[in-house]
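As provided, work-v7.txt (compact mmCIF, N, CA and C atoms) reads as follows.
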# COMPACT_ATOMS: atom_id res chain seq x y z
N MET U 1 115.76 199.49 51.44
CA MET U 1 115.92 198.74 52.65
C MET U 1 117.35 198.88 53.17
N ALA U 2 118.31 198.85 52.25
CA ALA U 2 119.71 198.95 52.66
C ALA U 2 120.01 200.30 53.30
N ALA U 3 119.38 201.37 52.81
CA ALA U 3 119.61 202.70 53.38
C ALA U 3 119.10 202.77 54.81
N VAL U 4 117.91 202.22 55.07
CA VAL U 4 117.36 202.21 56.42
C VAL U 4 118.25 201.38 57.34
N ARG U 5 118.60 200.19 56.87
CA ARG U 5 119.46 199.31 57.68
C ARG U 5 120.78 200.00 58.02
N SER U 6 121.36 200.70 57.07
CA SER U 6 122.63 201.38 57.30
C SER U 6 122.52 202.43 58.41
N VAL U 7 121.46 203.23 58.38
CA VAL U 7 121.26 204.26 59.41
C VAL U 7 121.05 203.61 60.77
N TYR U 8 120.19 202.58 60.81
CA TYR U 8 119.89 201.94 62.09
C TYR U 8 121.10 201.20 62.65
N GLU U 9 121.90 200.57 61.79
CA GLU U 9 123.11 199.91 62.26
C GLU U 9 124.10 200.95 62.80
N HIS U 10 124.26 202.05 62.08
CA HIS U 10 125.19 203.11 62.49
C HIS U 10 124.82 203.66 63.87
N ARG U 11 123.54 203.70 64.18
CA ARG U 11 123.06 204.25 65.44
C ARG U 11 122.72 203.17 66.48
N SER U 12 123.12 201.93 66.21
CA SER U 12 122.88 200.79 67.11
C SER U 12 121.40 200.63 67.46
N LEU U 13 120.54 200.72 66.44
CA LEU U 13 119.09 200.63 66.65
C LEU U 13 118.46 199.38 66.02
N MET U 14 119.28 198.46 65.56
CA MET U 14 118.73 197.29 64.87
C MET U 14 117.75 196.49 65.75
N ASN U 15 117.97 196.46 67.05
CA ASN U 15 117.08 195.70 67.92
C ASN U 15 115.70 196.35 68.06
N ALA U 16 115.55 197.61 67.64
CA ALA U 16 114.27 198.31 67.75
C ALA U 16 113.51 198.36 66.42
N TRP U 17 114.14 197.89 65.34
CA TRP U 17 113.53 197.94 64.01
C TRP U 17 112.72 196.68 63.77
N ARG U 18 111.53 196.83 63.24
CA ARG U 18 110.65 195.68 63.00
C ARG U 18 110.66 195.23 61.55
N ASN U 19 111.73 195.57 60.79
CA ASN U 19 111.96 195.08 59.44
C ASN U 19 110.87 195.50 58.45
N ASN U 20 110.29 196.65 58.67
CA ASN U 20 109.29 197.17 57.76
C ASN U 20 109.74 198.55 57.31
N ILE U 21 109.43 198.89 56.06
CA ILE U 21 109.80 200.20 55.56
C ILE U 21 108.57 201.01 55.17
N GLY U 22 107.54 200.36 54.69
CA GLY U 22 106.36 201.11 54.28
C GLY U 22 105.29 200.24 53.66
N HIS U 23 104.35 200.91 53.00
CA HIS U 23 103.18 200.22 52.44
C HIS U 23 102.52 201.09 51.39
N GLY U 24 101.61 200.48 50.65
CA GLY U 24 100.86 201.21 49.64
C GLY U 24 99.81 202.11 50.26
N LEU U 25 99.41 203.10 49.48
CA LEU U 25 98.31 204.00 49.85
C LEU U 25 97.37 204.07 48.65
N GLY U 26 96.10 204.13 48.92
CA GLY U 26 95.13 204.24 47.84
C GLY U 26 93.77 204.54 48.40
N LEU U 27 92.92 203.53 48.42
CA LEU U 27 91.58 203.70 48.96
C LEU U 27 91.57 203.62 50.47
N THR U 28 92.53 202.93 51.04
CA THR U 28 92.66 202.83 52.49
C THR U 28 94.12 203.07 52.84
N ILE U 29 94.43 202.99 54.12
CA ILE U 29 95.82 203.12 54.56
C ILE U 29 96.33 201.72 54.94
N HIS U 30 97.62 201.53 54.88
CA HIS U 30 98.25 200.24 55.17
C HIS U 30 97.74 199.15 54.24
N GLU U 31 97.71 199.44 52.96
CA GLU U 31 97.30 198.43 51.99
C GLU U 31 98.51 197.97 51.19
N PRO U 32 98.38 196.86 50.48
CA PRO U 32 99.51 196.37 49.67
C PRO U 32 99.89 197.43 48.63
N PRO U 33 101.13 197.41 48.19
CA PRO U 33 102.16 196.43 48.53
C PRO U 33 102.89 196.79 49.82
N ARG U 34 103.36 195.77 50.51
CA ARG U 34 104.22 195.95 51.67
C ARG U 34 105.62 196.23 51.16
N VAL U 35 106.30 197.17 51.76
CA VAL U 35 107.65 197.54 51.34
C VAL U 35 108.60 197.19 52.48
N GLY U 36 109.52 196.27 52.21
CA GLY U 36 110.50 195.88 53.22
C GLY U 36 110.39 194.41 53.57
N GLY U 37 111.26 194.01 54.47
CA GLY U 37 111.23 192.62 54.94
C GLY U 37 111.41 191.63 53.81
N ASP U 38 110.55 190.63 53.78
CA ASP U 38 110.64 189.60 52.75
C ASP U 38 109.68 189.85 51.59
N SER U 39 109.17 191.08 51.45
CA SER U 39 108.23 191.42 50.39
C SER U 39 108.87 191.23 49.01
N LYS U 40 108.11 190.68 48.11
CA LYS U 40 108.55 190.50 46.72
C LYS U 40 107.84 191.49 45.80
N ALA U 41 107.21 192.51 46.39
CA ALA U 41 106.43 193.49 45.63
C ALA U 41 107.32 194.23 44.63
N VAL U 42 106.75 194.51 43.48
CA VAL U 42 107.42 195.31 42.47
C VAL U 42 106.64 196.61 42.35
N LEU U 43 107.32 197.72 42.56
CA LEU U 43 106.67 199.01 42.47
C LEU U 43 106.57 199.43 41.00
N ALA U 44 105.44 200.02 40.63
CA ALA U 44 105.21 200.42 39.25
C ALA U 44 104.81 201.89 39.19
N GLU U 45 105.06 202.50 38.04
CA GLU U 45 104.72 203.89 37.82
C GLU U 45 103.24 204.14 38.16
N GLY U 46 102.98 205.21 38.90
CA GLY U 46 101.62 205.57 39.27
C GLY U 46 101.22 205.10 40.66
N MET U 47 101.98 204.18 41.24
CA MET U 47 101.68 203.74 42.61
C MET U 47 102.04 204.83 43.59
N VAL U 48 101.32 204.88 44.71
CA VAL U 48 101.63 205.80 45.79
C VAL U 48 101.94 204.96 47.02
N ILE U 49 103.09 205.23 47.64
CA ILE U 49 103.49 204.46 48.82
C ILE U 49 103.85 205.37 49.97
N ALA U 50 103.67 204.85 51.16
CA ALA U 50 104.12 205.52 52.38
C ALA U 50 105.43 204.87 52.79
N VAL U 51 106.44 205.68 52.98
CA VAL U 51 107.74 205.19 53.44
C VAL U 51 107.84 205.63 54.90
N GLU U 52 107.76 204.66 55.80
CA GLU U 52 107.75 204.98 57.23
C GLU U 52 108.46 203.94 58.07
N PRO U 53 109.78 203.88 57.91
CA PRO U 53 110.51 202.97 58.80
C PRO U 53 110.29 203.40 60.24
N SER U 54 110.09 202.44 61.10
CA SER U 54 109.76 202.77 62.48
C SER U 54 110.69 202.07 63.46
N LEU U 55 110.69 202.59 64.65
CA LEU U 55 111.44 202.00 65.76
C LEU U 55 110.46 201.71 66.87
N THR U 56 110.57 200.54 67.50
CA THR U 56 109.69 200.16 68.59
C THR U 56 110.52 199.57 69.73
N VAL U 57 110.27 200.07 70.93
CA VAL U 57 110.91 199.53 72.12
C VAL U 57 109.80 198.97 72.99
N PRO U 58 109.73 197.62 73.13
CA PRO U 58 108.66 197.02 73.93
C PRO U 58 108.55 197.65 75.32
N GLU U 59 107.34 197.83 75.76
CA GLU U 59 107.01 198.41 77.06
C GLU U 59 107.46 199.85 77.22
N PHE U 60 107.85 200.50 76.11
CA PHE U 60 108.23 201.91 76.17
C PHE U 60 107.46 202.72 75.15
N GLY U 61 107.56 202.34 73.88
CA GLY U 61 106.86 203.07 72.82
C GLY U 61 107.60 202.96 71.51
N GLY U 62 107.25 203.82 70.58
CA GLY U 62 107.88 203.77 69.28
C GLY U 62 107.79 205.09 68.54
N TYR U 63 108.44 205.13 67.38
CA TYR U 63 108.44 206.32 66.55
C TYR U 63 108.41 205.89 65.10
N SER U 64 107.64 206.61 64.29
CA SER U 64 107.60 206.36 62.86
C SER U 64 107.40 207.68 62.14
N HIS U 65 108.27 208.00 61.22
CA HIS U 65 108.13 209.19 60.38
C HIS U 65 107.65 208.72 59.02
N CYS U 66 106.69 209.40 58.43
CA CYS U 66 106.11 208.96 57.16
C CYS U 66 106.32 209.99 56.06
N ASP U 67 106.85 209.53 54.94
CA ASP U 67 106.90 210.31 53.70
C ASP U 67 106.04 209.57 52.68
N VAL U 68 105.32 210.31 51.86
CA VAL U 68 104.49 209.70 50.82
C VAL U 68 105.14 210.00 49.48
N LEU U 69 105.31 208.93 48.68
CA LEU U 69 105.97 209.04 47.39
C LEU U 69 105.06 208.56 46.27
N LEU U 70 105.12 209.26 45.14
CA LEU U 70 104.50 208.80 43.90
C LEU U 70 105.60 208.14 43.10
N ILE U 71 105.38 206.91 42.67
CA ILE U 71 106.36 206.20 41.85
C ILE U 71 106.22 206.71 40.42
N THR U 72 107.34 207.17 39.84
CA THR U 72 107.34 207.73 38.49
C THR U 72 108.15 206.83 37.56
N ALA U 73 108.15 207.18 36.29
CA ALA U 73 108.90 206.40 35.30
C ALA U 73 110.40 206.47 35.56
N THR U 74 110.85 207.52 36.23
CA THR U 74 112.29 207.69 36.45
C THR U 74 112.71 207.56 37.91
N GLY U 75 111.77 207.23 38.79
CA GLY U 75 112.10 207.09 40.21
C GLY U 75 110.89 207.38 41.08
N SER U 76 110.93 208.51 41.79
CA SER U 76 109.81 208.85 42.66
C SER U 76 109.72 210.36 42.83
N GLU U 77 108.54 210.81 43.25
CA GLU U 77 108.30 212.21 43.57
C GLU U 77 107.78 212.29 45.00
N LEU U 78 108.42 213.09 45.81
CA LEU U 78 108.01 213.27 47.19
C LEU U 78 106.75 214.13 47.24
N LEU U 79 105.67 213.59 47.81
CA LEU U 79 104.40 214.29 47.89
C LEU U 79 104.20 214.98 49.23
N THR U 80 105.06 214.71 50.18
CA THR U 80 104.91 215.28 51.53
C THR U 80 106.19 216.01 51.94
N PRO U 81 106.47 217.15 51.31
CA PRO U 81 107.67 217.88 51.72
C PRO U 81 107.50 218.34 53.16
N GLY U 82 108.55 218.32 53.88
CA GLY U 82 108.49 218.71 55.28
C GLY U 82 109.87 218.90 55.83
N LEU U 83 110.03 218.63 57.08
CA LEU U 83 111.32 218.80 57.74
C LEU U 83 112.34 217.83 57.17
N ARG U 84 113.51 218.31 56.91
CA ARG U 84 114.61 217.48 56.41
C ARG U 84 115.85 217.79 57.22
N GLY U 85 116.72 216.82 57.33
CA GLY U 85 118.00 217.05 57.99
C GLY U 85 117.96 216.96 59.50
N ILE U 86 116.86 216.47 60.06
CA ILE U 86 116.78 216.33 61.51
C ILE U 86 117.73 215.23 61.97
N VAL U 87 117.69 214.09 61.28
CA VAL U 87 118.56 212.96 61.62
C VAL U 87 119.71 212.96 60.63
N GLN U 88 120.90 213.03 61.14
CA GLN U 88 122.06 213.00 60.28
C GLN U 88 122.71 211.63 60.37
N THR U 89 123.13 211.11 59.22
CA THR U 89 123.73 209.78 59.19
C THR U 89 125.23 209.85 59.23

Translate this structure into structure tokens?
Amino acid sequence: MAAVRSVYEHRSLMNAWRNNIGHGLGLTIHEPPRVGGDSKAVLAEGMVIAVEPSLTVPEFGGYSHCDVLLITATGSELLTPGLRGIVQT
């Protein structure tokens, strides 16, 4: 959460952030656990989560980039390799 906040603060985008970072993936999409905000969720090895901090501007639109991670015993494994380095902090 701190990493997302740091990027958005640096780029003066805090007013467009809806305080969400991601959610669990499994049998459906957008399922628990919720990641971000006031969530008390504890991630455990074997869980799969979508990390998709988004920006929303009312009456204009929004943007959300999604990475899918497998939670491992030592951290995480990126399951959706793709474009990197588009946004520089």

Nearest residue to Glu52 of chain U from the set U:Ala3, U:Thr72, U:Ser64, U:Pro32 (distances using all atoms listed in the file):
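Nearest candidate to Glu52 of chain U out of U:Ala3, U:Thr72, U:Ser64, U:Pro32: U:Ser64.
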
Which residue gives the smallest distance to Gly24 of chain U among U:Ala41, U:Val4, U:Val48, U:Ser76, with all atoms listed in the file counted?
U:Val48

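If you measure from each of U:Val57, U:Val51, U:Val7, U:Ala2 to His23 of chain U using only N, CA and C atoms, the closest one turns out to be U:Val51.
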
Secondary structure check, strand (DSSP E) residues of chain U, as number ranges by chain:
U: 22-25, 31-35, 48-51, 54-57, 61-64, 67-72, 75-78

Please indicate the distance in Å from atom CA of Ser39 of chain U to atom CA of Leu25 of chain U, rounded to one decimal place.
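Separating atom CA of Ser39 of chain U from atom CA of Leu25 of chain U is a distance of 16.0 Å.
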
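With only C-alpha atoms as the basis for measurement, U:Gly22 is the residue among U:Gly37, U:Leu27, U:Gly22, U:Leu43 that approaches Asp67 of chain U most closely.
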
With distances taken over only N, CA and C atoms, which of U:Thr74, U:Thr56, U:Thr28, U:Thr80 is nearest to Asn15 of chain U?
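Of U:Thr74, U:Thr56, U:Thr28, U:Thr80, the one nearest Asn15 of chain U is U:Thr56, counting only N, CA and C atoms.
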
Name the closest residue to Asn20 of chain U among the candidates U:Ile71, U:Pro81, U:Gly36, U:Tyr8; distances are taken between atoms, counting only C-alpha atoms.
U:Gly36

State, in Å with one decimal place, the distance from atom CA of Leu55 of chain U to atom CA of Trp17 of chain U.
4.9 Å

As a check of understanding: the span from atom CA of Pro33 of chain U to atom CA of His10 of chain U is 27.7 Å

From chain U, collect each residue whose DSSP state is alpha helix (DSSP H) and return the set as a list in words.
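After running DSSP on the backbone, chain U has alpha helix (DSSP H) at Ala2, Ala3, Val4, Arg5, Ser6, Val7, Tyr8, Glu9 and His10 of chain U.
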